[in-house]
Each structure stands twice: as C-alpha cells, then as structure tokens.
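Inspection log for the structure reproduced underneath, given as structure tokens.
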Amino acid sequence: MAAAQKRATRSPASSGPTWRDVTPAAVVLVTGPEEYLGIRAMDRVRAEVRAAAPDVEVSRINAAAYEAGTLLMQVSPSLFGESKLIEVEAVESMNDAFLADALAYLGHPESDAVLVLRHGGGVRGKKLLDAIKKGGWPVVDCQPLKKDADKAAFVASEFKGAGRRIEQDAVQALVNAVGANLSELAAACSQLIADAGTTVTTDIVDRYYGGRIEATAFKVADAAMAGNGPLALSTLRHALATGADPVPLVAALAAKLRTVARVAGASGSSAQIAADLGMQPWLVEQAQRDVRRWTPEGLVRSIQATAEADAQVKGLSRDPVYAVEHAVTVIAMSVQGR
C-alpha cells in the first residue's frame, strides 16, 4: 500500500484522477457537489485498499461533529499491524478542531494509512483543500453532469466497463428517459447490463423506461421534428391526459430545436463540429440529418413558437395545454416535405 501511496503523490493535482481511476494514497480528496460520483470514488478507493490489504481496519469520521485528537487516534498503528483506512465525511462542514488536526496530519501522514476526505463543495475548509492540492495529493473533482453529451458519455462508459454493447441511439434514449438524476441513470445502466441478453437497443430501452415522462417528452419532440403532426399531437395529448407536466414537454422541444440550430450554423466535419460545440459526434450527425428538413425561416418560426410556449406554460397563460399543442403544430408544419 505504501508503494501505491508514493506513486499517487507524484501526480500533479492539476491533472488529478477521475472517480473511475482514482487509486489509494496517504491522503485522497474527493470534492464537488455530485454525491453519486463522490460515492463511486470513495467506493473505488475502499475496494483498492481492501484488494491490497484484506485485513484493513476501516473507520469513519464526521468532520462537522469532530472531537480533537480523534484523527491521530484513528491513524495510529495498531498492535496487530493492520493497515488503516479512514473515511471523513462532511468536510465542507468541518469544525475548527478537525481543520487543525487535519492540517497537522498533512505534514506527517502515516505510511500505512489511507485518509479519504469527502468535501461536498463550498468555501468552508479552503485552507485544508489548498494544502492538499499544494502537497500533490490526489484530488477527485465530482461535478454534476449537466449536459446530455456528458451523460451519454457516462452511459457509454458504464457499458464499456461492463463489457456490454449499447447502440448510440439507445444511449440517447436512456439519457432522455432517466437522465435527470445521475444515480437513477446509473441504476438504469446496471439493470440493462444485468438483464439484456444482447446488444441494448432503443426498443429495449423503451420497453424498460419508455413510460417515463422524460421519454414521452422526447417522443413528442421526435415526432414533431419529423413533421408527423398527428403522431406528435396524439402522443402529447396522451401524456397530458395521464398527468404529464407541460414544462418538460416544452423543454424537450426546445432542446431538439436548439441542437439543430447550433449544428445548422456550424461548418466543418461532424467530428470538428462536435469538438467545437462540445457535443457527441453521433449527435451532430443526427442533427445534420435533421437540418436538411428545415429552411432557416421554418427553424426560426419553430424556435419562436417554442419560446412563447415556454413562457406560457410557466405562468403567462391560463391554458398551457393549448400553448404546447400550438408549438407542436407549428414545428410539424414547418418541416419541409412533410
């Protein structure tokens, strides 16, 4: 374990490890507000430590309720020579006693102990965080995955890591269906990896998660963007009749139109456009196919109708259902060759 710790300290903090590849070191900082990624990072360190030292002694400390001297007691070598893993939570709410003891410990860490600190974000404890980074200890930054492209990359990595295949369209379908919450998205990946006997397709994703509001919203958007007004309206009315909120329905329309508009205004290969716009190449290729159905005037008209619907469903109209239906109709009618 000591050798692994020594190697880890040589990695510059500016190019720190990710939650997928972090390895044990005398001190590991897991920071950032994305709780799920933080849990995965700490799980990985714990698994690596246990693989190297099955008899490791694991202890946990809450930095907000810390009592002076506890850290030193936990890291002290045991009579039986077991390795030590100390996991500290709530570092973003640390009290002064923990700050003092942690700063002192950084100067003389134990050679056979791994200290993992979980900081959920904020300015509290900045002095300690800066000291860890300056010391070259591994820092795992766990930020929320806000972009669909990042969530799609997450899904692809989950399947790749499990040695399973998933179609690109199925990746986006899964993000559309359950991508609002990262832990739910990860659970959906795990379920499909465990249950699906072949390559995961959009049909399989739809069978498992097609009834969710997010999935229904993108079904409405896909039909409208394809110029299929009757299908878009019937899907929309069914969703609204079963309790769907108009807001995510309009958001799905806006997302589709925004992607097409961004790609329509770009030049170069799909790979170059993807790099410039921060999008997945396959999503750019899909948008490039969609662009052919639109005139600039039709795209502008659809974006304006969707913006008006967005304002109306958020309180400017007494009839938000009509607002969504109008936007869907305008979009479908604006598609060329419908």
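The way I read the labels, and the way they are meant: chains A, B, ... in the order of the structure tokens, residue 1 as the first residue of every chain, and ligand 1 as the first ligand shown, with later ones counted on from there.
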Fill in: Val284 of chain A surroundings by only C-alpha atoms, 12 Å radius, close-in-sequence under 4 positions cut, as an MDAnalysis selection string
chainID A and resid 149 256 258:280 288:291
Discussion item. Can you tell me which residues surround Val205 of chain A at a distance of at most 12 Å, considering only C-alpha atoms, apart from same-chain residues fewer than 2 positions away, and format the answer as a ChimeraX atom specification?
Written reply: /A:166-178,185,188-189,191-193,195-196,199-203,207-212,215
May I have the residues from that selection written out with C-alpha atoms, as a compact mmCIF listing (two decimals), in the first residue's frame?
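Output below, filename again_14.txt:
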# COMPACT_ATOMS: atom_id res chain seq x y z
CA ILE A 166 -25.35 -0.46 -26.43
CA GLU A 167 -26.40 1.27 -29.64
CA GLN A 168 -25.72 5.00 -29.88
CA ASP A 169 -29.40 5.82 -30.36
CA ALA A 170 -30.18 3.69 -27.30
CA VAL A 171 -27.67 5.70 -25.26
CA GLN A 172 -29.54 8.92 -26.02
CA ALA A 173 -32.90 7.24 -25.45
CA LEU A 174 -31.75 6.15 -22.00
CA VAL A 175 -30.46 9.65 -21.17
CA ASN A 176 -33.76 11.14 -22.34
CA ALA A 177 -35.73 8.69 -20.20
CA VAL A 178 -33.85 8.73 -16.89
CA LEU A 185 -29.22 6.81 -14.72
CA ALA A 188 -30.81 2.01 -15.19
CA CYS A 189 -27.47 1.14 -16.80
CA GLN A 191 -30.33 -3.05 -14.75
CA LEU A 192 -29.94 -3.17 -18.53
CA ILE A 193 -26.42 -4.58 -18.26
CA ASP A 195 -30.97 -8.12 -17.79
CA ALA A 196 -30.42 -7.60 -21.50
CA THR A 199 -26.81 -5.51 -27.53
CA VAL A 200 -29.07 -2.92 -25.89
CA THR A 201 -31.26 -1.21 -28.50
CA THR A 202 -33.74 1.64 -28.39
CA ASP A 203 -36.55 -0.94 -28.32
CA ARG A 207 -39.56 -1.47 -23.06
CA TYR A 208 -37.95 -0.72 -19.69
CA TYR A 209 -38.26 3.06 -19.43
CA GLY A 210 -40.49 4.29 -22.27
CA GLY A 211 -43.35 5.18 -19.93
CA ARG A 212 -41.40 7.83 -18.03
CA ALA A 215 -39.04 9.58 -22.53
Practice prompt. Please identify all polymer residues within 12 Å of Ser93 of chain A, counting only C-alpha atoms, omitting same-chain residues fewer than 5 positions from it, and present them as a PyMOL selection string.
Written response: chain A and resi 62-66+88+98-99+117-126
As an mmCIF file with all heavy atoms, in the first residue's frame, which residues of segment 234-275 of chain A does DSSP assign to alpha helix (DSSP H)?
data_model
loop_
_atom_site.group_PDB
_atom_site.id
_atom_site.type_symbol
_atom_site.label_atom_id
_atom_site.label_comp_id
_atom_site.auth_asym_id
_atom_site.auth_seq_id
_atom_site.Cartn_x
_atom_site.Cartn_y
_atom_site.Cartn_z
ATOM 1 N N SER A 234 -51.058 13.283 -30.824
ATOM 2 C CA SER A 234 -51.699 12.190 -30.086
ATOM 3 C C SER A 234 -50.842 11.741 -28.910
ATOM 4 O O SER A 234 -51.357 11.458 -27.819
ATOM 5 C CB SER A 234 -51.979 11.013 -31.025
ATOM 6 O OG SER A 234 -50.768 10.460 -31.527
ATOM 7 N N THR A 235 -49.512 11.697 -29.118
ATOM 8 C CA THR A 235 -48.608 11.336 -28.021
ATOM 9 C C THR A 235 -48.647 12.394 -26.930
ATOM 10 O O THR A 235 -48.662 12.085 -25.732
ATOM 11 C CB THR A 235 -47.167 11.173 -28.543
ATOM 12 O OG1 THR A 235 -47.140 10.245 -29.622
ATOM 13 C CG2 THR A 235 -46.233 10.667 -27.431
ATOM 14 N N LEU A 236 -48.683 13.664 -27.352
ATOM 15 C CA LEU A 236 -48.747 14.773 -26.405
ATOM 16 C C LEU A 236 -50.032 14.702 -25.583
ATOM 17 O O LEU A 236 -50.000 14.821 -24.348
ATOM 18 C CB LEU A 236 -48.682 16.095 -27.167
ATOM 19 C CG LEU A 236 -48.972 17.365 -26.358
ATOM 20 C CD1 LEU A 236 -47.923 17.552 -25.278
ATOM 21 C CD2 LEU A 236 -49.041 18.581 -27.278
ATOM 22 N N ARG A 237 -51.166 14.507 -26.241
ATOM 23 C CA ARG A 237 -52.443 14.500 -25.524
ATOM 24 C C ARG A 237 -52.540 13.318 -24.571
ATOM 25 O O ARG A 237 -53.112 13.430 -23.485
ATOM 26 C CB ARG A 237 -53.589 14.497 -26.535
ATOM 27 C CG ARG A 237 -53.768 15.850 -27.221
ATOM 28 C CD ARG A 237 -54.602 15.793 -28.463
ATOM 29 N NE ARG A 237 -54.669 17.110 -29.114
ATOM 30 C CZ ARG A 237 -55.030 17.293 -30.374
ATOM 31 N NH1 ARG A 237 -55.340 16.247 -31.136
ATOM 32 N NH2 ARG A 237 -55.054 18.514 -30.890
ATOM 33 N N HIS A 238 -51.983 12.182 -24.974
ATOM 34 C CA HIS A 238 -51.980 11.032 -24.068
ATOM 35 C C HIS A 238 -51.129 11.334 -22.834
ATOM 36 O O HIS A 238 -51.517 11.015 -21.704
ATOM 37 C CB HIS A 238 -51.441 9.794 -24.781
ATOM 38 C CG HIS A 238 -51.308 8.606 -23.885
ATOM 39 N ND1 HIS A 238 -52.399 7.891 -23.427
ATOM 40 C CD2 HIS A 238 -50.211 8.019 -23.316
ATOM 41 C CE1 HIS A 238 -51.996 6.909 -22.647
ATOM 42 N NE2 HIS A 238 -50.674 6.967 -22.564
ATOM 43 N N ALA A 239 -49.972 11.972 -23.059
ATOM 44 C CA ALA A 239 -49.088 12.302 -21.936
ATOM 45 C C ALA A 239 -49.779 13.265 -20.973
ATOM 46 O O ALA A 239 -49.743 13.086 -19.750
ATOM 47 C CB ALA A 239 -47.789 12.909 -22.457
ATOM 48 N N LEU A 240 -50.426 14.292 -21.516
ATOM 49 C CA LEU A 240 -51.108 15.276 -20.678
ATOM 50 C C LEU A 240 -52.299 14.651 -19.953
ATOM 51 O O LEU A 240 -52.564 14.961 -18.783
ATOM 52 C CB LEU A 240 -51.580 16.451 -21.529
ATOM 53 C CG LEU A 240 -50.461 17.313 -22.145
ATOM 54 C CD1 LEU A 240 -51.045 18.288 -23.162
ATOM 55 C CD2 LEU A 240 -49.691 18.059 -21.067
ATOM 56 N N ALA A 241 -52.997 13.736 -20.623
ATOM 57 C CA ALA A 241 -54.153 13.086 -20.006
ATOM 58 C C ALA A 241 -53.757 12.179 -18.846
ATOM 59 O O ALA A 241 -54.559 11.921 -17.948
ATOM 60 C CB ALA A 241 -54.917 12.274 -21.053
ATOM 61 N N PRO A 246 -46.627 20.082 -18.581
ATOM 62 C CA PRO A 246 -46.265 20.685 -19.870
ATOM 63 C C PRO A 246 -44.830 21.218 -19.916
ATOM 64 O O PRO A 246 -44.243 21.290 -21.000
ATOM 65 C CB PRO A 246 -47.268 21.836 -20.024
ATOM 66 C CG PRO A 246 -48.434 21.456 -19.165
ATOM 67 C CD PRO A 246 -47.830 20.723 -18.000
ATOM 68 N N VAL A 247 -44.249 21.569 -18.765
ATOM 69 C CA VAL A 247 -42.921 22.195 -18.760
ATOM 70 C C VAL A 247 -41.844 21.292 -19.369
ATOM 71 O O VAL A 247 -41.109 21.717 -20.269
ATOM 72 C CB VAL A 247 -42.527 22.662 -17.344
ATOM 73 C CG1 VAL A 247 -41.083 23.164 -17.330
ATOM 74 C CG2 VAL A 247 -43.471 23.766 -16.861
ATOM 75 N N PRO A 248 -41.679 20.032 -18.910
ATOM 76 C CA PRO A 248 -40.655 19.190 -19.543
ATOM 77 C C PRO A 248 -40.961 18.852 -21.002
ATOM 78 O O PRO A 248 -40.051 18.605 -21.794
ATOM 79 C CB PRO A 248 -40.640 17.924 -18.676
ATOM 80 C CG PRO A 248 -41.936 17.923 -17.946
ATOM 81 C CD PRO A 248 -42.280 19.345 -17.746
ATOM 82 N N LEU A 249 -42.236 18.870 -21.371
ATOM 83 C CA LEU A 249 -42.593 18.636 -22.766
ATOM 84 C C LEU A 249 -42.061 19.755 -23.657
ATOM 85 O O LEU A 249 -41.487 19.511 -24.720
ATOM 86 C CB LEU A 249 -44.112 18.519 -22.899
ATOM 87 C CG LEU A 249 -44.753 17.291 -22.222
ATOM 88 C CD1 LEU A 249 -46.265 17.458 -22.139
ATOM 89 C CD2 LEU A 249 -44.397 16.015 -22.975
ATOM 90 N N VAL A 250 -42.230 20.991 -23.201
ATOM 91 C CA VAL A 250 -41.702 22.126 -23.960
ATOM 92 C C VAL A 250 -40.176 22.124 -23.931
ATOM 93 O O VAL A 250 -39.521 22.449 -24.930
ATOM 94 C CB VAL A 250 -42.248 23.460 -23.399
ATOM 95 C CG1 VAL A 250 -41.597 24.650 -24.099
ATOM 96 C CG2 VAL A 250 -43.760 23.520 -23.565
ATOM 97 N N ALA A 251 -39.604 21.732 -22.811
ATOM 98 C CA ALA A 251 -38.139 21.679 -22.697
ATOM 99 C C ALA A 251 -37.547 20.708 -23.712
ATOM 100 O O ALA A 251 -36.476 20.965 -24.283
ATOM 101 C CB ALA A 251 -37.739 21.275 -21.279
ATOM 102 N N ALA A 252 -38.216 19.588 -23.941
ATOM 103 C CA ALA A 252 -37.735 18.618 -24.924
ATOM 104 C C ALA A 252 -37.773 19.202 -26.334
ATOM 105 O O ALA A 252 -36.842 19.018 -27.128
ATOM 106 C CB ALA A 252 -38.573 17.349 -24.854
ATOM 107 N N LEU A 253 -38.851 19.924 -26.655
ATOM 108 C CA LEU A 253 -38.940 20.590 -27.952
ATOM 109 C C LEU A 253 -37.795 21.591 -28.118
ATOM 110 O O LEU A 253 -37.139 21.646 -29.171
ATOM 111 C CB LEU A 253 -40.276 21.318 -28.083
ATOM 112 C CG LEU A 253 -41.552 20.468 -28.134
ATOM 113 C CD1 LEU A 253 -42.783 21.375 -28.037
ATOM 114 C CD2 LEU A 253 -41.610 19.633 -29.410
ATOM 115 N N ALA A 254 -37.565 22.376 -27.088
ATOM 116 C CA ALA A 254 -36.513 23.398 -27.142
ATOM 117 C C ALA A 254 -35.139 22.768 -27.315
ATOM 118 O O ALA A 254 -34.302 23.279 -28.069
ATOM 119 C CB ALA A 254 -36.560 24.251 -25.866
ATOM 120 N N ALA A 255 -34.889 21.668 -26.620
ATOM 121 C CA ALA A 255 -33.589 21.003 -26.701
ATOM 122 C C ALA A 255 -33.319 20.507 -28.121
ATOM 123 O O ALA A 255 -32.213 20.660 -28.658
ATOM 124 C CB ALA A 255 -33.533 19.851 -25.706
ATOM 125 N N LYS A 256 -34.335 19.896 -28.735
ATOM 126 C CA LYS A 256 -34.167 19.393 -30.096
ATOM 127 C C LYS A 256 -33.902 20.530 -31.083
ATOM 128 O O LYS A 256 -32.999 20.451 -31.928
ATOM 129 C CB LYS A 256 -35.432 18.632 -30.513
ATOM 130 C CG LYS A 256 -35.618 17.302 -29.824
ATOM 131 C CD LYS A 256 -34.729 16.234 -30.444
ATOM 132 C CE LYS A 256 -35.027 14.865 -29.867
ATOM 133 N NZ LYS A 256 -34.188 13.819 -30.490
ATOM 134 N N LEU A 257 -34.695 21.592 -30.973
ATOM 135 C CA LEU A 257 -34.527 22.722 -31.881
ATOM 136 C C LEU A 257 -33.187 23.417 -31.676
ATOM 137 O O LEU A 257 -32.536 23.840 -32.637
ATOM 138 C CB LEU A 257 -35.676 23.717 -31.679
ATOM 139 C CG LEU A 257 -37.046 23.279 -32.200
ATOM 140 C CD1 LEU A 257 -38.142 24.181 -31.646
ATOM 141 C CD2 LEU A 257 -37.065 23.277 -33.731
ATOM 142 N N ARG A 258 -32.784 23.535 -30.425
ATOM 143 C CA ARG A 258 -31.507 24.194 -30.117
ATOM 144 C C ARG A 258 -30.337 23.425 -30.744
ATOM 145 O O ARG A 258 -29.402 24.034 -31.287
ATOM 146 C CB ARG A 258 -31.348 24.297 -28.603
ATOM 147 C CG ARG A 258 -30.157 25.113 -28.150
ATOM 148 C CD ARG A 258 -30.288 25.531 -26.699
ATOM 149 N NE ARG A 258 -30.587 24.387 -25.843
ATOM 150 C CZ ARG A 258 -31.713 24.240 -25.168
ATOM 151 N NH1 ARG A 258 -32.673 25.157 -25.258
ATOM 152 N NH2 ARG A 258 -31.911 23.180 -24.383
ATOM 153 N N THR A 259 -30.381 22.105 -30.666
ATOM 154 C CA THR A 259 -29.312 21.291 -31.240
ATOM 155 C C THR A 259 -29.249 21.473 -32.754
ATOM 156 O O THR A 259 -28.163 21.657 -33.336
ATOM 157 C CB THR A 259 -29.530 19.809 -30.906
ATOM 158 O OG1 THR A 259 -29.493 19.633 -29.492
ATOM 159 C CG2 THR A 259 -28.460 18.942 -31.542
ATOM 160 N N VAL A 260 -30.412 21.440 -33.415
ATOM 161 C CA VAL A 260 -30.449 21.616 -34.864
ATOM 162 C C VAL A 260 -29.938 23.007 -35.245
ATOM 163 O O VAL A 260 -29.161 23.159 -36.204
ATOM 164 C CB VAL A 260 -31.881 21.397 -35.402
ATOM 165 C CG1 VAL A 260 -31.965 21.810 -36.872
ATOM 166 C CG2 VAL A 260 -32.278 19.941 -35.245
ATOM 167 N N ALA A 261 -30.338 24.020 -34.509
ATOM 168 C CA ALA A 261 -29.917 25.388 -34.811
ATOM 169 C C ALA A 261 -28.409 25.550 -34.657
ATOM 170 O O ALA A 261 -27.750 26.205 -35.486
ATOM 171 C CB ALA A 261 -30.655 26.369 -33.900
ATOM 172 N N ARG A 262 -27.845 24.963 -33.610
ATOM 173 C CA ARG A 262 -26.395 25.072 -33.396
ATOM 174 C C ARG A 262 -25.628 24.396 -34.522
ATOM 175 O O ARG A 262 -24.635 24.925 -35.019
ATOM 176 C CB ARG A 262 -26.014 24.455 -32.053
ATOM 177 C CG ARG A 262 -26.539 25.209 -30.841
ATOM 178 C CD ARG A 262 -26.168 24.479 -29.560
ATOM 179 N NE ARG A 262 -24.740 24.553 -29.300
ATOM 180 C CZ ARG A 262 -24.099 23.791 -28.421
ATOM 181 N NH1 ARG A 262 -24.774 22.860 -27.760
ATOM 182 N NH2 ARG A 262 -22.809 23.924 -28.219
ATOM 183 N N VAL A 263 -26.085 23.215 -34.929
ATOM 184 C CA VAL A 263 -25.388 22.484 -35.984
ATOM 185 C C VAL A 263 -25.588 23.161 -37.335
ATOM 186 O O VAL A 263 -24.673 23.200 -38.169
ATOM 187 C CB VAL A 263 -25.870 21.013 -36.022
ATOM 188 C CG1 VAL A 263 -25.320 20.293 -37.242
ATOM 189 C CG2 VAL A 263 -25.453 20.296 -34.747
ATOM 190 N N ALA A 264 -26.789 23.733 -37.563
ATOM 191 C CA ALA A 264 -27.064 24.413 -38.832
ATOM 192 C C ALA A 264 -26.122 25.583 -39.053
ATOM 193 O O ALA A 264 -25.761 25.909 -40.185
ATOM 194 C CB ALA A 264 -28.515 24.877 -38.868
ATOM 195 N N SER A 270 -18.262 16.474 -39.081
ATOM 196 C CA SER A 270 -19.048 16.226 -37.867
ATOM 197 C C SER A 270 -18.144 16.149 -36.642
ATOM 198 O O SER A 270 -18.509 16.619 -35.565
ATOM 199 C CB SER A 270 -19.858 14.933 -38.022
ATOM 200 O OG SER A 270 -19.002 13.828 -38.270
ATOM 201 N N ALA A 271 -16.949 15.581 -36.813
ATOM 202 C CA ALA A 271 -16.012 15.479 -35.683
ATOM 203 C C ALA A 271 -15.545 16.860 -35.231
ATOM 204 O O ALA A 271 -15.451 17.146 -34.034
ATOM 205 C CB ALA A 271 -14.814 14.613 -36.059
ATOM 206 N N GLN A 272 -15.255 17.726 -36.232
ATOM 207 C CA GLN A 272 -14.800 19.079 -35.894
ATOM 208 C C GLN A 272 -15.915 19.883 -35.237
ATOM 209 O O GLN A 272 -15.692 20.592 -34.247
ATOM 210 C CB GLN A 272 -14.322 19.790 -37.159
ATOM 211 C CG GLN A 272 -13.775 21.201 -36.892
ATOM 212 C CD GLN A 272 -13.292 21.878 -38.160
ATOM 213 O OE1 GLN A 272 -13.122 21.233 -39.201
ATOM 214 N NE2 GLN A 272 -13.096 23.191 -38.097
ATOM 215 N N ILE A 273 -17.132 19.775 -35.787
ATOM 216 C CA ILE A 273 -18.269 20.489 -35.203
ATOM 217 C C ILE A 273 -18.527 20.001 -33.782
ATOM 218 O O ILE A 273 -18.790 20.791 -32.873
ATOM 219 C CB ILE A 273 -19.532 20.301 -36.074
ATOM 220 C CG1 ILE A 273 -19.338 20.969 -37.434
ATOM 221 C CG2 ILE A 273 -20.767 20.875 -35.375
ATOM 222 C CD1 ILE A 273 -20.451 20.681 -38.420
ATOM 223 N N ALA A 274 -18.444 18.686 -33.586
ATOM 224 C CA ALA A 274 -18.655 18.118 -32.251
ATOM 225 C C ALA A 274 -17.650 18.675 -31.259
ATOM 226 O O ALA A 274 -18.001 19.021 -30.121
ATOM 227 C CB ALA A 274 -18.554 16.590 -32.315
ATOM 228 N N ALA A 275 -16.388 18.775 -31.691
ATOM 229 C CA ALA A 275 -15.348 19.316 -30.803
ATOM 230 C C ALA A 275 -15.604 20.786 -30.497
ATOM 231 O O ALA A 275 -15.460 21.233 -29.353
ATOM 232 C CB ALA A 275 -13.972 19.132 -31.439
#
Using only C-alpha atoms, which residues sit within 10 Å of Glu158 of chain A once same-chain residues fewer than 6 positions away are excluded, as a PDB file with N, CA and C atoms, in the first residue's frame?
ATOM      1  N   ALA A 152     -24.411  11.051 -21.823  1.00  0.00           N
ATOM      2  CA  ALA A 152     -24.272   9.992 -22.825  1.00  0.00           C
ATOM      3  C   ALA A 152     -22.910   9.318 -22.710  1.00  0.00           C
ATOM      4  N   ARG A 164     -20.240  -4.712 -22.158  1.00  0.00           N
ATOM      5  CA  ARG A 164     -21.513  -4.871 -22.865  1.00  0.00           C
ATOM      6  C   ARG A 164     -21.644  -3.808 -23.945  1.00  0.00           C
ATOM      7  N   ARG A 165     -22.512  -4.072 -24.916  1.00  0.00           N
ATOM      8  CA  ARG A 165     -22.715  -3.163 -26.032  1.00  0.00           C
ATOM      9  C   ARG A 165     -24.077  -2.469 -25.929  1.00  0.00           C
ATOM     10  N   ALA A 186     -27.445   5.691 -13.509  1.00  0.00           N
ATOM     11  CA  ALA A 186     -26.505   4.596 -13.242  1.00  0.00           C
ATOM     12  C   ALA A 186     -27.248   3.306 -12.910  1.00  0.00           C
ATOM     13  N   CYS A 189     -28.551   1.821 -16.078  1.00  0.00           N
ATOM     14  CA  CYS A 189     -27.470   1.141 -16.795  1.00  0.00           C
ATOM     15  C   CYS A 189     -27.222  -0.237 -16.187  1.00  0.00           C
ATOM     16  N   SER A 190     -27.153  -0.291 -14.862  1.00  0.00           N
ATOM     17  CA  SER A 190     -26.893  -1.563 -14.182  1.00  0.00           C
ATOM     18  C   SER A 190     -27.980  -2.583 -14.481  1.00  0.00           C
ATOM     19  N   ILE A 193     -27.621  -3.746 -18.132  1.00  0.00           N
ATOM     20  CA  ILE A 193     -26.425  -4.583 -18.257  1.00  0.00           C
ATOM     21  C   ILE A 193     -26.696  -5.983 -17.702  1.00  0.00           C
TER      22      ILE A 193
END
Got a sec: who's within 9 Å of Ser59 of chain A, counting only C-alpha atoms, leaving out chain neighbours fewer than 3 positions off, as a short mmCIF file (atom, residue, chain, number, x, y, z; two decimals) with C-alpha atoms, in the first residue's frame?
data_model
loop_
_atom_site.label_atom_id
_atom_site.label_comp_id
_atom_site.auth_asym_id
_atom_site.auth_seq_id
_atom_site.Cartn_x
_atom_site.Cartn_y
_atom_site.Cartn_z
CA GLN A 74 -7.60 6.53 14.20
CA LYS A 84 -5.85 1.78 8.23
CA LEU A 85 -8.49 3.37 6.02
CA ILE A 86 -10.10 6.48 7.46
CA GLU A 87 -13.05 7.98 5.59
CA VAL A 88 -14.05 11.51 6.58
#
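The residue that comes closest to Val56 of chain A, out of A:Pro77, A:Gly16, A:Pro33, A:Pro296 and on the basis of only C-alpha atoms, is A:Pro77.
Between atom CA of Ala97 of chain A and atom CA of Gly136 of chain A the interatomic distance comes to 23.6 Å.
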Worksheet entry | Minimum-distance residue to Leu115 of chain A, chosen among A:Gly135, A:Pro54, A:Gly38, A:Pro24 (using only C-alpha atoms) |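 Ranked by minimum distance to Leu115 of chain A, first place goes to A:Pro24.
Relative to atom CA of Phe218 of chain A, atom CA of Ala244 of chain A is found at 12.6 Å.
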Fill in: Test item: residues at most 10 Å from Arg293 of chain A, only C-alpha atoms, excluding those fewer than 4 positions along its chain, as a PyMOL selection string
chain A and resi 225-227+288-289+298-299+334-338
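Within segment 50-191 of chain A, DSSP run on the backbone puts these residues in strand (DSSP E): Glu57, Val58, Ser59, Arg60, Ile61, Asn62, Lys84, Leu85, Ile86, Glu87, Val88, Glu89, Ala113, Val114, Leu115, Val116, Leu117, Arg118, His119, Val139, Val140 and Asp141 of chain A.
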Now that the selection is made, can you save its residues with N, CA and C atoms as a compact mmCIF listing (two decimals), in the first residue's frame?
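Generated file (selection-v7.txt):
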# COMPACT_ATOMS: atom_id res chain seq x y z
N GLU A 57 -8.31 -2.04 8.53
CA GLU A 57 -9.26 -1.53 9.53
C GLU A 57 -9.88 -0.25 9.00
N VAL A 58 -11.19 -0.25 8.81
CA VAL A 58 -11.90 0.90 8.25
C VAL A 58 -12.61 1.66 9.36
N SER A 59 -12.41 2.96 9.40
CA SER A 59 -13.11 3.80 10.38
C SER A 59 -13.63 5.04 9.67
N ARG A 60 -14.67 5.64 10.26
CA ARG A 60 -15.31 6.80 9.64
C ARG A 60 -15.42 7.94 10.64
N ILE A 61 -15.23 9.15 10.14
CA ILE A 61 -15.25 10.35 10.96
C ILE A 61 -16.18 11.37 10.33
N ASN A 62 -16.99 12.04 11.12
CA ASN A 62 -17.81 13.16 10.66
C ASN A 62 -17.08 14.44 11.05
N LYS A 84 -4.73 0.95 7.79
CA LYS A 84 -5.85 1.78 8.23
C LYS A 84 -6.45 2.53 7.04
N LEU A 85 -7.77 2.54 6.98
CA LEU A 85 -8.49 3.37 6.02
C LEU A 85 -9.44 4.24 6.82
N ILE A 86 -9.25 5.55 6.72
CA ILE A 86 -10.10 6.48 7.46
C ILE A 86 -10.87 7.32 6.45
N GLU A 87 -12.19 7.23 6.50
CA GLU A 87 -13.05 7.98 5.59
C GLU A 87 -13.72 9.11 6.36
N VAL A 88 -13.52 10.33 5.89
CA VAL A 88 -14.05 11.51 6.58
C VAL A 88 -15.15 12.13 5.73
N GLU A 89 -16.34 12.26 6.29
CA GLU A 89 -17.46 12.87 5.58
C GLU A 89 -17.73 14.26 6.13
N ALA A 113 -1.46 4.13 6.27
CA ALA A 113 -2.85 4.58 6.42
C ALA A 113 -3.27 5.35 5.18
N VAL A 114 -4.54 5.24 4.84
CA VAL A 114 -5.14 5.99 3.74
C VAL A 114 -6.25 6.85 4.33
N LEU A 115 -6.14 8.16 4.13
CA LEU A 115 -7.13 9.10 4.62
C LEU A 115 -7.90 9.66 3.43
N VAL A 116 -9.20 9.41 3.37
CA VAL A 116 -10.04 9.90 2.27
C VAL A 116 -11.00 10.93 2.82
N LEU A 117 -10.98 12.13 2.25
CA LEU A 117 -11.82 13.22 2.72
C LEU A 117 -12.87 13.55 1.68
N ARG A 118 -14.13 13.61 2.09
CA ARG A 118 -15.24 13.95 1.17
C ARG A 118 -15.73 15.35 1.46
N HIS A 119 -15.47 16.27 0.51
CA HIS A 119 -15.88 17.67 0.62
C HIS A 119 -16.94 17.94 -0.43
N VAL A 139 -6.66 14.54 -6.07
CA VAL A 139 -7.91 15.28 -5.88
C VAL A 139 -8.89 14.85 -6.97
N VAL A 140 -10.02 14.30 -6.55
CA VAL A 140 -11.05 13.85 -7.48
C VAL A 140 -12.16 14.90 -7.49
N ASP A 141 -12.39 15.52 -8.63
CA ASP A 141 -13.40 16.57 -8.74
C ASP A 141 -14.70 15.97 -9.25
Worksheet entry | Best match for closeness to Val45 of chain A among A:Asp21, A:Asp112, A:Asp319, A:Asp96, counting only C-alpha atoms |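 The answer is A:Asp21, which sits nearest to Val45 of chain A.
The coordinates place atom CA of Ala327 of chain A at 24.1 Å from atom CA of Lys147 of chain A.
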Worksheet item: Which residue gives the smallest distance to Gly179 of chain A among A:Ile39, A:Met73, A:Ala223, A:Val155, with only C-alpha atoms counted?
Response: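 Closest to Gly179 of chain A of all the choices is A:Val155.
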Worksheet item: So which one's closest to Ser83 of chain A, A:Ala53, A:Leu71, A:Ile132, A:Ala187? Using only C-alpha atoms, please.
Response: A:Ala53
